[in-house]
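Next comes entry_25.cif, with mmCIF, C-alpha atoms and all ligand atoms.
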data_start
loop_
_atom_site.label_atom_id
_atom_site.label_comp_id
_atom_site.auth_asym_id
_atom_site.auth_seq_id
_atom_site.Cartn_x
_atom_site.Cartn_y
_atom_site.Cartn_z
CA MET A 1 -2.74 -216.75 18.32
CA ASN A 2 -4.42 -219.92 17.04
CA HIS A 3 -7.77 -219.12 15.40
CA ASN A 4 -8.43 -222.64 14.09
CA ASN A 5 -11.06 -223.21 16.78
CA LYS A 6 -13.02 -220.24 15.39
CA LEU A 7 -15.42 -220.67 12.53
CA LEU A 8 -15.20 -216.94 11.90
CA PHE A 9 -12.75 -214.48 13.44
CA ILE A 10 -13.16 -210.77 12.69
CA LYS A 11 -10.91 -208.18 14.32
CA ASN A 12 -10.98 -204.38 13.88
CA LEU A 13 -12.59 -204.69 10.45
CA THR A 14 -13.19 -201.41 8.62
CA LYS A 15 -14.60 -200.66 5.18
CA ILE A 16 -14.45 -197.14 3.78
CA PHE A 17 -16.23 -196.25 0.53
CA SER A 18 -15.22 -193.12 -1.38
CA ALA A 19 -17.95 -191.09 -3.02
CA GLY A 20 -18.00 -188.04 -5.27
CA SER A 21 -15.49 -186.61 -7.74
CA PHE A 22 -11.81 -185.77 -7.24
CA LEU A 23 -12.45 -182.28 -5.83
CA PHE A 24 -15.48 -183.17 -3.74
CA LYS A 25 -14.51 -186.60 -2.58
CA SER A 26 -15.93 -187.83 0.71
CA ASN A 27 -15.43 -191.03 2.60
CA ILE A 28 -18.23 -193.08 4.09
CA VAL A 29 -17.17 -195.47 6.83
CA ALA A 30 -19.63 -198.29 6.15
CA VAL A 31 -18.04 -200.72 8.63
CA ASN A 32 -16.11 -199.22 11.52
CA ASN A 33 -13.65 -201.22 13.60
CA VAL A 34 -15.89 -204.28 13.97
CA SER A 35 -14.80 -207.36 15.89
CA LEU A 36 -16.76 -210.60 16.30
CA GLU A 37 -16.18 -214.33 16.55
CA LEU A 38 -18.16 -217.49 15.87
CA ASN A 39 -17.13 -220.71 17.57
CA ALA A 40 -16.29 -223.68 15.33
CA GLN A 41 -17.41 -226.34 17.80
CA ARG A 42 -20.96 -225.23 18.44
CA ALA A 43 -23.33 -223.98 15.72
CA GLU A 44 -25.19 -220.81 16.60
CA ILE A 45 -27.43 -218.15 15.12
CA PHE A 46 -25.77 -214.75 15.34
CA THR A 47 -27.87 -211.74 14.39
CA LEU A 48 -26.59 -208.46 12.99
CA ALA A 49 -29.39 -205.98 13.62
CA GLY A 50 -29.75 -202.32 12.79
CA GLU A 51 -31.60 -199.81 10.71
CA SER A 52 -30.85 -199.15 7.07
CA GLY A 53 -27.37 -197.63 6.63
CA SER A 54 -26.03 -199.37 9.74
CA GLY A 55 -23.43 -201.31 7.74
CA LYS A 56 -24.86 -204.77 8.35
CA THR A 57 -25.22 -205.64 4.66
CA THR A 58 -21.70 -204.39 3.86
CA LEU A 59 -20.36 -206.51 6.72
CA ALA A 60 -22.30 -209.51 5.36
CA ARG A 61 -20.79 -208.98 1.91
CA ILE A 62 -17.29 -208.84 3.41
CA ILE A 63 -17.97 -212.13 5.23
CA LEU A 64 -19.12 -213.65 1.91
CA GLY A 65 -15.85 -212.55 0.28
CA LEU A 66 -17.70 -210.17 -2.07
CA VAL A 67 -16.31 -206.90 -0.68
CA ARG A 68 -12.69 -206.36 0.31
CA PRO A 69 -12.24 -204.65 3.70
CA THR A 70 -10.13 -201.49 3.89
CA SER A 71 -8.35 -202.74 7.01
CA GLY A 72 -8.62 -205.35 9.74
CA THR A 73 -8.62 -209.14 9.87
CA ILE A 74 -11.20 -211.67 8.70
CA LEU A 75 -10.43 -215.38 9.05
CA TYR A 76 -12.70 -218.28 8.16
CA LYS A 77 -11.55 -221.54 9.80
CA GLY A 78 -8.21 -219.85 10.36
CA ARG A 79 -7.77 -218.74 6.72
CA ASP A 80 -7.58 -215.11 5.65
CA ILE A 81 -10.40 -214.88 3.11
CA THR A 82 -8.98 -211.72 1.55
CA GLN A 83 -6.01 -213.85 0.43
CA ILE A 84 -8.02 -216.52 -1.37
CA LYS A 85 -6.69 -216.41 -4.92
CA SER A 86 -7.11 -219.80 -6.60
CA ALA A 87 -10.33 -221.16 -8.11
CA LYS A 88 -9.90 -224.31 -6.00
CA ASP A 89 -9.77 -222.34 -2.74
CA TRP A 90 -12.65 -220.10 -3.77
CA LYS A 91 -14.73 -223.21 -4.52
CA TRP A 92 -13.89 -224.53 -1.05
CA PHE A 93 -14.88 -221.24 0.55
CA THR A 94 -18.15 -220.82 -1.40
CA ARG A 95 -19.07 -224.40 -0.56
CA GLU A 96 -18.47 -223.70 3.14
CA VAL A 97 -20.16 -220.28 3.33
CA GLN A 98 -23.50 -219.96 1.56
CA PRO A 99 -25.61 -216.82 1.04
CA ILE A 100 -29.39 -216.47 1.27
CA SER A 101 -30.61 -213.30 -0.39
CA GLN A 102 -33.48 -211.05 0.54
CA ASN A 103 -35.39 -211.63 -2.67
CA PRO A 104 -35.86 -215.32 -3.53
CA PHE A 105 -36.73 -214.28 -7.09
CA ASP A 106 -33.06 -213.20 -7.47
CA THR A 107 -31.91 -216.77 -6.91
CA PHE A 108 -33.95 -218.37 -9.67
CA SER A 109 -34.28 -217.14 -13.27
CA PRO A 110 -37.89 -217.33 -14.49
CA LEU A 111 -36.60 -219.01 -17.67
CA ASN A 112 -35.19 -222.09 -15.95
CA LYS A 113 -36.81 -224.90 -14.00
CA VAL A 114 -36.00 -224.64 -10.29
CA GLU A 115 -34.52 -228.14 -10.29
CA THR A 116 -31.74 -226.94 -12.62
CA TYR A 117 -30.26 -224.80 -9.82
CA LEU A 118 -30.49 -227.58 -7.28
CA TYR A 119 -29.03 -230.18 -9.64
CA ASP A 120 -26.19 -227.92 -10.83
CA THR A 121 -25.24 -227.00 -7.24
CA ALA A 122 -24.92 -230.69 -6.29
CA ILE A 123 -22.89 -231.52 -9.40
CA ASN A 124 -20.67 -228.40 -9.50
CA TYR A 125 -19.66 -228.77 -5.86
CA ASN A 126 -19.02 -232.53 -6.23
CA ILE A 127 -21.58 -233.34 -3.58
CA VAL A 128 -22.34 -236.62 -5.37
CA THR A 129 -19.95 -238.88 -7.23
CA ASN A 130 -22.68 -240.81 -8.98
CA LYS A 131 -25.34 -238.81 -10.85
CA SER A 132 -28.04 -241.31 -9.88
CA GLU A 133 -27.52 -240.33 -6.22
CA VAL A 134 -28.29 -236.70 -6.86
CA TYR A 135 -32.09 -236.99 -6.63
CA ASN A 136 -31.85 -238.68 -3.22
CA ILE A 137 -29.68 -235.81 -1.96
CA LEU A 138 -32.02 -233.18 -3.41
CA ASP A 139 -35.06 -234.89 -1.89
CA GLU A 140 -33.32 -235.00 1.51
CA LYS A 141 -32.48 -231.28 1.40
CA LEU A 142 -35.94 -230.34 0.13
CA LYS A 143 -37.55 -232.33 2.93
CA ALA A 144 -35.39 -230.41 5.43
CA VAL A 145 -37.15 -227.21 4.30
CA GLY A 146 -40.64 -228.74 4.18
CA LEU A 147 -40.76 -229.59 0.46
CA SER A 148 -40.03 -232.69 -1.61
CA TRP A 149 -38.56 -233.62 -4.96
CA ASP A 150 -42.00 -234.61 -6.28
CA GLU A 151 -43.37 -231.12 -5.50
CA VAL A 152 -40.49 -229.40 -7.27
CA ARG A 153 -39.80 -231.60 -10.29
CA GLY A 154 -40.52 -229.95 -13.66
CA LYS A 155 -41.67 -226.61 -12.22
CA TYR A 156 -40.63 -223.02 -12.99
CA PRO A 157 -40.16 -220.29 -10.31
CA ASN A 158 -43.49 -218.63 -11.13
CA GLU A 159 -45.28 -221.80 -10.05
CA PHE A 160 -44.16 -221.24 -6.44
CA SER A 161 -45.16 -218.65 -3.84
CA GLY A 162 -42.53 -216.24 -2.42
CA GLY A 163 -42.39 -218.32 0.78
CA GLN A 164 -41.87 -221.57 -1.15
CA LEU A 165 -39.17 -219.97 -3.29
CA GLN A 166 -37.32 -218.80 -0.18
CA ARG A 167 -37.52 -222.39 1.13
CA LEU A 168 -36.08 -223.53 -2.20
CA SER A 169 -33.20 -221.05 -1.98
CA ILE A 170 -32.46 -222.35 1.53
CA ALA A 171 -32.57 -225.94 0.19
CA ARG A 172 -30.12 -224.92 -2.54
CA ALA A 173 -27.81 -223.37 0.05
CA ILE A 174 -27.66 -226.50 2.24
CA ILE A 175 -26.91 -228.85 -0.68
CA THR A 176 -23.20 -228.00 -0.29
CA ASN A 177 -23.28 -228.92 3.44
CA PRO A 178 -22.07 -225.44 4.47
CA SER A 179 -20.76 -224.62 7.95
CA LEU A 180 -22.03 -221.04 7.71
CA ILE A 181 -25.09 -219.44 6.10
CA VAL A 182 -25.22 -215.67 5.71
CA ALA A 183 -28.88 -214.70 5.38
CA ASP A 184 -29.50 -211.04 4.52
CA GLU A 185 -33.06 -209.98 5.46
CA PRO A 186 -34.33 -213.41 4.31
CA VAL A 187 -37.95 -212.84 5.34
CA SER A 188 -38.43 -209.13 4.67
CA MET A 189 -40.09 -209.81 1.29
CA ILE A 190 -42.13 -212.75 2.54
CA ASP A 191 -45.79 -212.43 3.48
CA ALA A 192 -45.95 -211.52 7.19
CA SER A 193 -48.03 -214.59 8.04
CA LEU A 194 -45.26 -216.90 6.72
CA ARG A 195 -42.21 -215.17 8.22
CA MET A 196 -42.00 -217.16 11.42
CA SER A 197 -42.23 -220.45 9.55
CA ILE A 198 -39.22 -219.43 7.43
CA VAL A 199 -37.12 -218.15 10.34
CA ASN A 200 -37.93 -221.36 12.19
CA LEU A 201 -36.21 -223.21 9.37
CA PHE A 202 -32.90 -221.60 10.38
CA LYS A 203 -33.33 -222.90 13.91
CA ASN A 204 -34.03 -226.38 12.54
CA LEU A 205 -31.04 -226.27 10.19
CA LYS A 206 -28.74 -225.26 13.03
CA GLU A 207 -29.87 -228.29 15.03
CA GLN A 208 -30.19 -230.80 12.17
CA PHE A 209 -27.07 -229.93 10.12
CA ASN A 210 -24.93 -228.12 12.74
CA VAL A 211 -24.75 -225.07 10.49
CA SER A 212 -24.19 -221.60 11.95
CA VAL A 213 -26.24 -218.71 10.62
CA ILE A 214 -25.48 -215.01 10.44
CA TYR A 215 -28.96 -213.53 10.35
CA ILE A 216 -29.10 -209.94 9.14
CA THR A 217 -32.26 -208.06 9.95
CA HIS A 218 -33.91 -204.86 11.11
CA ASP A 219 -36.63 -206.99 12.73
CA LEU A 220 -35.83 -207.53 16.41
CA ALA A 221 -38.87 -209.75 16.86
CA THR A 222 -37.64 -212.55 14.62
CA ALA A 223 -34.09 -211.91 15.87
CA TYR A 224 -35.21 -212.47 19.46
CA TYR A 225 -37.00 -215.65 18.52
CA ILE A 226 -34.16 -217.42 16.66
CA SER A 227 -30.84 -215.91 17.78
CA ASP A 228 -28.32 -217.13 20.30
CA ARG A 229 -26.36 -213.88 20.19
CA ILE A 230 -27.04 -210.49 18.67
CA ALA A 231 -24.96 -207.47 17.68
CA ILE A 232 -26.65 -204.08 17.31
CA MET A 233 -25.08 -201.96 14.57
CA LEU A 234 -25.21 -198.19 14.20
CA ARG A 235 -23.47 -196.31 11.38
CA GLY A 236 -20.95 -199.10 10.86
CA SER A 237 -20.13 -199.83 14.51
CA ILE A 238 -21.34 -202.61 16.80
CA VAL A 239 -22.65 -200.61 19.77
CA GLU A 240 -23.89 -203.55 21.86
CA SER A 241 -23.52 -207.32 21.54
CA GLY A 242 -24.11 -210.40 23.65
CA PRO A 243 -26.68 -213.12 24.41
CA VAL A 244 -29.96 -212.14 22.76
CA GLU A 245 -32.02 -212.39 25.97
CA LYS A 246 -29.67 -210.01 27.76
CA VAL A 247 -29.42 -207.48 24.94
CA LEU A 248 -33.11 -207.33 24.10
CA ASN A 249 -34.68 -207.88 27.52
CA ALA A 250 -32.43 -205.42 29.34
CA PRO A 251 -30.60 -203.28 26.77
CA LEU A 252 -27.72 -201.13 27.99
CA HIS A 253 -26.90 -198.87 25.04
CA PRO A 254 -29.36 -195.98 24.56
CA TYR A 255 -29.61 -196.87 20.86
CA THR A 256 -30.60 -200.48 21.65
CA LYS A 257 -33.22 -199.05 24.03
CA LEU A 258 -34.60 -196.88 21.22
CA LEU A 259 -34.76 -199.87 18.86
CA LYS A 260 -36.52 -201.93 21.47
CA GLN A 261 -39.13 -199.23 22.15
CA SER A 262 -40.12 -199.35 18.50
CA ILE A 263 -41.42 -202.94 18.73
CA PRO A 264 -43.75 -204.70 21.16
CA GLU A 265 -42.28 -206.53 24.15
CA PRO A 266 -40.34 -209.49 22.76
CA THR A 267 -41.87 -212.81 23.62
CA ILE A 268 -41.94 -215.94 21.54
CA ASP A 269 -45.74 -216.06 21.84
CA VAL A 270 -46.16 -212.95 19.74
CA GLN A 271 -45.51 -212.67 16.03
CA TRP A 272 -44.91 -209.05 15.07
CA GLU A 273 -45.85 -207.97 11.63
CA GLU A 274 -44.65 -204.38 11.66
CA GLU A 275 -41.20 -203.27 10.62
CA ILE A 276 -39.27 -200.97 12.93
CA GLN A 277 -39.95 -197.34 12.17
CA LEU A 278 -37.06 -195.07 13.11
CA SER A 279 -36.31 -191.40 12.86
CA VAL A 280 -34.87 -190.06 9.60
CA THR A 281 -31.26 -191.06 9.05
CA GLU A 282 -28.93 -188.19 9.78
CA ILE A 283 -25.96 -187.92 7.49
CA LYS A 284 -23.95 -186.20 10.22
CA GLU A 285 -24.01 -189.48 12.14
CA PHE A 286 -21.72 -190.93 9.47
CA THR A 287 -19.14 -188.18 9.84
CA ALA A 288 -19.38 -187.48 13.56
CA SER A 289 -16.05 -187.89 15.29
CA GLY A 290 -17.53 -189.02 18.61
CA CYS A 291 -20.34 -191.43 19.40
CA LYS A 292 -22.53 -191.96 16.34
CA PHE A 293 -25.64 -191.74 18.49
CA ALA A 294 -24.74 -188.39 20.09
CA ALA A 295 -27.17 -186.37 17.93
CA ARG A 296 -30.13 -188.46 19.10
CA CYS A 297 -29.04 -189.60 22.56
CA PRO A 298 -30.95 -188.22 25.58
CA TYR A 299 -27.88 -188.87 27.81
CA VAL A 300 -25.30 -187.15 25.60
CA MET A 301 -22.29 -185.61 27.38
CA GLU A 302 -19.48 -183.40 26.04
CA THR A 303 -17.07 -186.36 25.86
CA CYS A 304 -19.50 -188.24 23.64
CA LYS A 305 -19.10 -185.64 20.88
CA THR A 306 -15.33 -185.73 20.70
CA LYS A 307 -14.20 -189.36 20.83
CA GLU A 308 -15.93 -192.61 19.94
CA PRO A 309 -16.37 -194.74 23.09
CA GLU A 310 -14.36 -197.94 23.32
CA GLU A 311 -15.84 -201.34 24.06
CA THR A 312 -16.66 -202.02 27.71
CA PHE A 313 -17.73 -205.44 29.04
CA VAL A 314 -20.79 -205.35 31.29
CA ASP A 315 -23.03 -208.27 32.31
CA GLU A 316 -21.92 -210.66 29.52
CA ARG A 317 -22.16 -207.89 26.95
CA ALA A 318 -19.84 -205.63 25.02
CA VAL A 319 -21.15 -202.08 24.89
CA ARG A 320 -19.78 -198.85 23.39
CA CYS A 321 -21.12 -196.06 25.56
CA TYR A 322 -19.58 -193.66 28.09
CA LEU A 323 -22.41 -194.39 30.52
CA TYR A 324 -20.67 -197.72 31.27
CA LYS A 325 -17.09 -196.51 31.55
FE1 LIG A 401 -25.29 -191.48 24.46
FE2 LIG A 401 -22.82 -190.74 25.01
FE3 LIG A 401 -23.53 -193.30 25.30
FE4 LIG A 401 -23.27 -192.23 22.89
S1 LIG A 401 -21.64 -192.54 24.39
S2 LIG A 401 -24.91 -193.52 23.58
S3 LIG A 401 -24.03 -190.16 23.22
S4 LIG A 401 -24.30 -191.53 26.45
#

Please express the file's structure as structure tokens.
Amino acid sequence: MNHNNKLLFIKNLTKIFSAGSFLFKSNIVAVNNVSLELNAQRAEIFTLAGESGSGKTTLARIILGLVRPTSGTILYKGRDITQIKSAKDWKWFTREVQPISQNPFDTFSPLNKVETYLYDTAINYNIVTNKSEVYNILDEKLKAVGLSWDEVRGKYPNEFSGGQLQRLSIARAIITNPSLIVADEPVSMIDASLRMSIVNLFKNLKEQFNVSVIYITHDLATAYYISDRIAIMLRGSIVESGPVEKVLNAPLHPYTKLLKQSIPEPTIDVQWEEEIQLSVTEIKEFTASGCKFAARCPYVMETCKTKEPEETFVDERAVRCYLYK
């Protein structure tokens, strides 16, 4: 099959971590048989949503080439990223796929001026051939995130607010002209009053630079506002995915319904400030042989406890639940 028309192609991806000593070894399935695709022709914002321990961050790290999957396929622009071996190919990949971390203070050392990171990114990735051009490029990227070269020049990270630093880390990421940004909880450490302005940036970048974004969050409110599609993760599996309006306005999977109940009605006129509060994580959900939601599901049946449901396609969505078989 030709996957060159896919920006990202993931099929049956699984990551198993081993924990404990030789005698008491146990396996945690952090990512379980996940499949998803991003189209190369049309940029989009794809959200991976779920509570802590759902596997979304591990999946993000696999997509960034930082964690090797145990099994399954992951292709970026048709290339198997687990087979990237040379420095030249890794440079190509890291130019194409840029991360945004949760804590903007991780991106910038307090000892260095912020401009050092921006300048070095432009030079190291050969974005400019002539060093005199570099400041024009940096100014253009800074303006795209609501800042300018004059505001940044000569300053250290502690001279910026958390929100400004996250804008700066987004500016750094777009210097390489990436096709994909993987943003892991990019606003969770930002003051609640500024979150929407930062997530709006991703929408703008998608339109202005045709860059796709994988937005990882536990916050369905911001997800609803910026996403084109969403995948809901539970204990390593995608239990429901599809267009964000369908999934969040009329969820099918009982787990998506639970998530939705924990936030106000999603509308773009409301800016939620609360994080989702869920029940205590149950370790047995990791090891259950059937549906991972069986211990909490009000509709649980005997079948649910024995075999994990396969994906069913209902109303433009993929859902893993025996209620839709
Ligand atoms: Fe509930 Fe069964 Fe559906 Fe799982 S498969 S969500 S336990 S009804």

Open item on the list: Distance limit 6 Å, reference ligand LIG 401 (chain A), atoms considered: all atoms listed in the file. Which residues make the cut? Give them as number ranges by chain.
Closed with: A: 253-254, 291, 293-294, 297, 299-301, 304, 309, 321-323

Keeping only C-alpha atoms, take the residues you just selected and write them out as a PDB file, in the frame of the given file.
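What landed in out.pdb:
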ATOM      1  CA  HIS A 253     -26.900-198.870  25.040  1.00  0.00           C
ATOM      2  CA  PRO A 254     -29.360-195.980  24.560  1.00  0.00           C
ATOM      3  CA  CYS A 291     -20.340-191.430  19.400  1.00  0.00           C
ATOM      4  CA  PHE A 293     -25.640-191.740  18.490  1.00  0.00           C
ATOM      5  CA  ALA A 294     -24.740-188.390  20.090  1.00  0.00           C
ATOM      6  CA  CYS A 297     -29.040-189.600  22.560  1.00  0.00           C
ATOM      7  CA  TYR A 299     -27.880-188.870  27.810  1.00  0.00           C
ATOM      8  CA  VAL A 300     -25.300-187.150  25.600  1.00  0.00           C
ATOM      9  CA  MET A 301     -22.290-185.610  27.380  1.00  0.00           C
ATOM     10  CA  CYS A 304     -19.500-188.240  23.640  1.00  0.00           C
ATOM     11  CA  PRO A 309     -16.370-194.740  23.090  1.00  0.00           C
ATOM     12  CA  CYS A 321     -21.120-196.060  25.560  1.00  0.00           C
ATOM     13  CA  TYR A 322     -19.580-193.660  28.090  1.00  0.00           C
ATOM     14  CA  LEU A 323     -22.410-194.390  30.520  1.00  0.00           C
TER      15      LEU A 323
END

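Going from CA of Gly53 in chain A to CA of Tyr324 in chain A covers 25.5 Å.
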
Open item on the list: Using all atoms listed in the file for the distances, tell me which of A:Ser179, A:Thr312, A:Asn5, A:Ser52 is nearest to Lys206 in chain A.
Closed with: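 Nearest candidate to Lys206 in chain A out of A:Ser179, A:Thr312, A:Asn5, A:Ser52: A:Ser179.
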
TODO: Compare A:Thr73, A:Asn177, A:Asn210, A:Thr58 by their minimum atom-to-atom distance to Ala40 in chain A, counting all atoms listed in the file, and give me the closest one.
DONE: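 Under the stated criterion, the closest residue is A:Asn210.
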
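For the pair CA of Gly55 in chain A and CA of Lys325 in chain A, the interatomic distance is 25.1 Å.
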
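Taking CA of Asn32 in chain A and CA of Ala183 in chain A as endpoints, the distance between them is 21.0 Å.
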
Task: Nearest to Gly154 in chain A, chosen from A:Asn112, A:Ser227, A:Thr217, A:Asn124, with only C-alpha atoms counted in the distances - done: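 The closest residue to Gly154 in chain A is A:Asn112.
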
Task: Proximity to Met189 in chain A - best of A:Lys15, A:Asp106, A:Leu220, A:Ile226, all atoms listed in the file - done: A:Asp106

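Minimum atom-to-atom distance to Ile174 in chain A, evaluated using only C-alpha atoms, belongs to A:Gln98 out of A:Gln98, A:Gln208, A:Ser161, A:Asn249.
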
Task: Surrounding residues of range 74-91 of chain A excluding itself and chain neighbours under 4 positions, 8 Å, all atoms listed in the file, as number ranges by chain - done: A: 2-11, 13, 40, 63, 65, 68, 95, 125

Task: From A:Val314, A:Ile238, A:Ile28, A:Ile216, residue lying nearest Ala250 in chain A [all atoms listed in the file] - done: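 Using all atoms listed in the file, the shortest distance to Ala250 in chain A belongs to A:Val314.
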
Task: Residues near range 255-257 of chain A, cut-off 9 Å, all atoms listed in the file, skip fewer than 5 positions along chain, as a list in words - done: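 Residues near the query, excluding close chain neighbours: Ile232, Leu234, Val239, Glu240, Val247, Leu248, Ala250, Ser262, Phe293, Arg296 and Cys297 of chain A.
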
Given 4 Å of margin on each side, can you work out the centre and size in Å (one decimal) of an axis-aligned box holding every listed atom of range 300-306 of chain A, as lines of an AutoDock Vina configuration file?
center_x = -20.3
center_y = -185.8
center_z = 24.0
size_x = 18.0
size_y = 12.8
size_z = 14.7

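Excluding Pro251 in chain A and any residue on its chain fewer than 6 positions from it, the residues at most 10 Å away by all atoms listed in the file are Glu240, Ser241, Val244, Glu245, Lys257, Leu258, Leu259, Lys260, Arg317 and Val319 of chain A.
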
Open item on the list: Given the point (-18.2, -217.8, -0.9) in the file's coordinates, find the residues that have an atom at most 6 Å from it, counting all atoms listed in the file, and give them as a ChimeraX atom specification.
Closed with: /A:64-65,93-94,97

Selected residues written out with C-alpha atoms, as a CSV table (one decimal), in the frame of the given file:
chain,number,residue,atom,x,y,z
A,64,LEU,CA,-19.1,-213.6,1.9
A,65,GLY,CA,-15.8,-212.6,0.3
A,93,PHE,CA,-14.9,-221.2,0.6
A,94,THR,CA,-18.2,-220.8,-1.4
A,97,VAL,CA,-20.2,-220.3,3.3

- [ ] Write out as a VMD selection string each polymer residue whose atoms come within 12 Å of Glu115 in chain A, counting only C-alpha atoms; drop sequence neighbours fewer than 4 positions from it.
- [x] chain A and resid 108 to 109 111 119 to 122 134 to 135 138 to 139 142 148 to 157 165 168 to 169 171 to 172

Exercise: Asp184 in chain A partners within 7 Å, only C-alpha atoms, chain neighbours under 3 positions left out, as a PDB file with C-alpha atoms, keeping the file's coordinate frame:
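Listing of part-v1.pdb after writing:
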ATOM      1  CA  THR A  57     -25.220-205.640   4.660  1.00  0.00           C
ATOM      2  CA  ILE A 100     -29.390-216.470   1.270  1.00  0.00           C
ATOM      3  CA  SER A 101     -30.610-213.300  -0.390  1.00  0.00           C
ATOM      4  CA  GLN A 102     -33.480-211.050   0.540  1.00  0.00           C
ATOM      5  CA  TYR A 215     -28.960-213.530  10.350  1.00  0.00           C
ATOM      6  CA  ILE A 216     -29.100-209.940   9.140  1.00  0.00           C
ATOM      7  CA  THR A 217     -32.260-208.060   9.950  1.00  0.00           C
TER       8      THR A 217
END
